[in-house]
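Here's the structure, in structure tokens; my notes come after.
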Amino acid sequence: MEKRKIAIIYDTSYLMGEFQAIKEFILSRRFSGLEKQGLLGFMKAKQTVYHDPSKLFAIVEVVPTEVIRELDEQTALDSKKLVADLLQDGAIKVDLAMDTMVSALGPESVKEKKLSLYAERLVSYATLEKYDLAIIATEDDELVSHLTALAARGKAVQGVKSEHLVRTRLLHEKLTEIANRGRSSPVVMEN
């Protein structure tokens with residue numbers, strides 16, 4: 001089964017708030033499904049099978065240089081350490097101004113608009129690095145509302161606030177939907 005690609009793009013507001021790495025959150029979840037086991041599966045009853053999230057999803061964390069610059073201007077050392085830890089754990093640093101689709105906006109454009117366009121490009125059919133889902137981790141209600149509107153129009157983008165990880169099922173449902181694409185036996189994400 002092919003892994004589903006997920007990009008997680010961190011915004012300044014998320015890194016300065018009650019931070020929890022979304023990749024760690026996803027990889028700590030438990031996915032299960034009913035499947036027939038063995039070569040003669042047609043003769044066996046279905047059994048509960050647990051799936052390792054790292055076998056279901058290929059997750060890439062992105063920290064834009066614009067976000068790093070904003071954090072450098074802040075005095076909170078904890079946020080800078082979080083970014084350093086993310087980068088050390090394999091997150092990639094992306095300069096949004098160098099992205100061809102985002103740079104068309106011009107250098108004065110709002111960072112939130114750049115993040116949104118970058119996420120849209122990652123899930124576009126016209127890109128080589130097509131992702132199944134682009135998550136923007138932010139505490140900005142306006143950006144979350146904009147991403148929700150894009151998702152309603154069929155874009156595979158999602159705005160996630162720290163409270164969405166534990167207080168709602170929005171991310172849970174989206175991850176389950178993505179994990180089940182192309183699967184003959186569906187999986188569910190357990191709490």
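In the structure tokens, chains take letters A, B, ... by order of appearance, with residues numbered from 1 within each chain and ligands from 1 in the order shown.
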Set out as CSV a contact list for stretch 49-137 of chain A and stretch 141-152 of chain A with a cut-off of 12 Å, giving each residue of stretch 49-137 of chain A that qualifies its closest atom pair and distance in Å to one decimal, counting only C-alpha atoms, ordered by chain and rising residue number.
residue,atom,partner,partner_atom,distance
A:Val110,CA,A:Leu143,CA,11.1
A:Lys111,CA,A:Leu143,CA,10.3
A:Glu112,CA,A:Leu143,CA,6.6
A:Lys113,CA,A:Leu143,CA,8.2
A:Lys114,CA,A:Leu143,CA,10.9
A:Leu115,CA,A:Leu143,CA,9.1
A:Ser116,CA,A:Leu147,CA,7.2
A:Leu117,CA,A:Leu147,CA,10.1
A:Tyr118,CA,A:Leu147,CA,11.8
A:Ala119,CA,A:Leu147,CA,9.4
A:Glu120,CA,A:Leu150,CA,8.7
A:Val123,CA,A:Ala151,CA,11.2
A:Leu133,CA,A:Ala151,CA,10.2
A:Ala134,CA,A:Leu147,CA,10.1
A:Ile135,CA,A:Leu147,CA,9.2
A:Ile136,CA,A:Val144,CA,8.2
A:Ala137,CA,A:Val144,CA,8.9
Next on the checklist: I'd like the contact shell of A:Tyr50 - 10 Å cut-off, only C-alpha atoms, skipping same-chain residues fewer than 6 positions apart - returned as a PyMOL selection string.
Outcome noted: chain A and resi 30-35+187-189
Selection export as an mmCIF file, in the first residue's frame, atoms kept: all heavy atoms:
data_model
loop_
_atom_site.group_PDB
_atom_site.id
_atom_site.type_symbol
_atom_site.label_atom_id
_atom_site.label_comp_id
_atom_site.auth_asym_id
_atom_site.auth_seq_id
_atom_site.Cartn_x
_atom_site.Cartn_y
_atom_site.Cartn_z
ATOM 1 N N ARG A 30 -3.260 5.606 16.929
ATOM 2 C CA ARG A 30 -3.378 4.180 16.654
ATOM 3 C C ARG A 30 -4.463 3.975 15.597
ATOM 4 O O ARG A 30 -5.588 4.423 15.767
ATOM 5 C CB ARG A 30 -3.743 3.456 17.945
ATOM 6 C CG ARG A 30 -3.649 1.975 17.874
ATOM 7 C CD ARG A 30 -3.654 1.441 19.267
ATOM 8 N NE ARG A 30 -4.653 0.387 19.368
ATOM 9 C CZ ARG A 30 -4.694 -0.481 20.349
ATOM 10 N NH1 ARG A 30 -3.832 -0.396 21.337
ATOM 11 N NH2 ARG A 30 -5.607 -1.403 20.382
ATOM 12 N N PHE A 31 -4.097 3.321 14.529
ATOM 13 C CA PHE A 31 -5.024 3.036 13.440
ATOM 14 C C PHE A 31 -5.300 1.537 13.418
ATOM 15 O O PHE A 31 -4.371 0.737 13.544
ATOM 16 C CB PHE A 31 -4.427 3.462 12.096
ATOM 17 C CG PHE A 31 -4.333 4.950 11.933
ATOM 18 C CD1 PHE A 31 -3.250 5.646 12.446
ATOM 19 C CD2 PHE A 31 -5.318 5.660 11.276
ATOM 20 C CE1 PHE A 31 -3.156 7.019 12.304
ATOM 21 C CE2 PHE A 31 -5.235 7.029 11.129
ATOM 22 C CZ PHE A 31 -4.150 7.712 11.648
ATOM 23 N N SER A 32 -6.563 1.177 13.252
ATOM 24 C CA SER A 32 -6.912 -0.238 13.215
ATOM 25 C C SER A 32 -7.984 -0.483 12.162
ATOM 26 O O SER A 32 -8.676 0.437 11.732
ATOM 27 C CB SER A 32 -7.405 -0.711 14.582
ATOM 28 O OG SER A 32 -8.619 -0.052 14.907
ATOM 29 N N GLY A 33 -8.088 -1.738 11.768
ATOM 30 C CA GLY A 33 -9.102 -2.124 10.806
ATOM 31 C C GLY A 33 -9.330 -3.620 10.873
ATOM 32 O O GLY A 33 -8.508 -4.369 11.416
ATOM 33 N N LEU A 34 -10.432 -4.070 10.326
ATOM 34 C CA LEU A 34 -10.734 -5.494 10.276
ATOM 35 C C LEU A 34 -10.251 -6.055 8.949
ATOM 36 O O LEU A 34 -10.612 -5.543 7.883
ATOM 37 C CB LEU A 34 -12.238 -5.736 10.426
ATOM 38 C CG LEU A 34 -12.839 -5.382 11.782
ATOM 39 C CD1 LEU A 34 -14.346 -5.554 11.750
ATOM 40 C CD2 LEU A 34 -12.233 -6.237 12.871
ATOM 41 N N GLU A 35 -9.415 -7.086 9.002
ATOM 42 C CA GLU A 35 -8.858 -7.687 7.792
ATOM 43 C C GLU A 35 -8.794 -9.192 7.942
ATOM 44 O O GLU A 35 -8.648 -9.716 9.044
ATOM 45 C CB GLU A 35 -7.443 -7.149 7.519
ATOM 46 C CG GLU A 35 -7.408 -5.678 7.236
ATOM 47 C CD GLU A 35 -5.999 -5.156 6.982
ATOM 48 O OE1 GLU A 35 -5.072 -5.974 6.801
ATOM 49 O OE2 GLU A 35 -5.833 -3.935 6.987
ATOM 50 N N VAL A 187 -9.605 1.644 7.575
ATOM 51 C CA VAL A 187 -9.018 1.754 8.907
ATOM 52 C C VAL A 187 -9.705 2.889 9.639
ATOM 53 O O VAL A 187 -10.297 3.772 9.019
ATOM 54 C CB VAL A 187 -7.487 2.010 8.869
ATOM 55 C CG1 VAL A 187 -6.765 0.849 8.223
ATOM 56 C CG2 VAL A 187 -7.162 3.302 8.184
ATOM 57 N N VAL A 188 -9.629 2.860 10.953
ATOM 58 C CA VAL A 188 -10.146 3.943 11.783
ATOM 59 C C VAL A 188 -9.025 4.401 12.699
ATOM 60 O O VAL A 188 -8.140 3.650 13.053
ATOM 61 C CB VAL A 188 -11.383 3.518 12.616
ATOM 62 C CG1 VAL A 188 -12.553 3.219 11.732
ATOM 63 C CG2 VAL A 188 -11.067 2.352 13.524
ATOM 64 N N MET A 189 -9.099 5.682 13.067
ATOM 65 C CA MET A 189 -8.123 6.225 13.999
ATOM 66 C C MET A 189 -8.744 6.194 15.381
ATOM 67 O O MET A 189 -9.810 6.766 15.599
ATOM 68 C CB MET A 189 -7.752 7.657 13.600
ATOM 69 C CG MET A 189 -6.668 8.259 14.435
ATOM 70 S SD MET A 189 -6.068 9.760 13.645
ATOM 71 C CE MET A 189 -6.146 10.883 15.010
#
Checklist entry - Hey, what does DSSP flag as alpha helix (DSSP H) within stretch 8-98 of chain A? Can you give it to me as a ChimeraX atom specification? => result /A:12-16,22-27,53-56,65-73,77-88
Checklist entry - Please, what distance in Å, to one decimal, runs between atom CA of A:Ile6 and atom CA of A:Glu61? => result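 Atom-to-atom, atom CA of A:Ile6 to atom CA of A:Glu61, that is 8.5 Å.
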Next on the checklist: Taking only C-alpha atoms into account, name the residue in A:Lys80, A:Arg183, A:Lys46, A:Lys55 that is nearest to A:Lys3.
Outcome noted: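 Smallest separation from A:Lys3 among the options: A:Lys55.
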Enumerate, in order of chain and increasing residue number, the residues of stretch 15-77 of chain A with an atom no farther than 12 Å from stretch 175-178 of chain A, each with its shortest atom pair and distance in Å to one decimal, counting only C-alpha atoms, as a tab-separated table.
residue	atom	partner	partner_atom	distance
A:Ile22	CA	A:Leu175	CA	11.9
A:Lys23	CA	A:Leu175	CA	11.8
A:Phe25	CA	A:Leu175	CA	11.5
A:Ile26	CA	A:Leu175	CA	8.4
A:Leu27	CA	A:Leu175	CA	11.2
A:Arg29	CA	A:Leu175	CA	10.3
A:Arg30	CA	A:Thr176	CA	10.8
A:Phe31	CA	A:Thr176	CA	8.4
A:Ser32	CA	A:Thr176	CA	10.2
A:Gly33	CA	A:Thr176	CA	11.0
A:His51	CA	A:Thr176	CA	11.9
A:Pro53	CA	A:Leu175	CA	10.0
A:Leu56	CA	A:Ile178	CA	9.2
A:Phe57	CA	A:Ile178	CA	9.0
A:Ala58	CA	A:Ile178	CA	11.7
A:Ile59	CA	A:Leu175	CA	11.7
Checklist entry - Near A:Asp89, counting only C-alpha atoms, which residues have an atom at most 12 Å away, once you skip same-chain residues fewer than 6 positions from it, shown as a count of residues only? => result 9
Checklist entry - If you count only C-alpha atoms, which residues fall within 12 Å of A:Ser13, apart from same-chain ones fewer than 3 positions away, as number ranges by chain? => result A: 9-10, 16-19, 67-68, 70-71, 74, 79, 111-112, 136-141, 143-144, 160-162
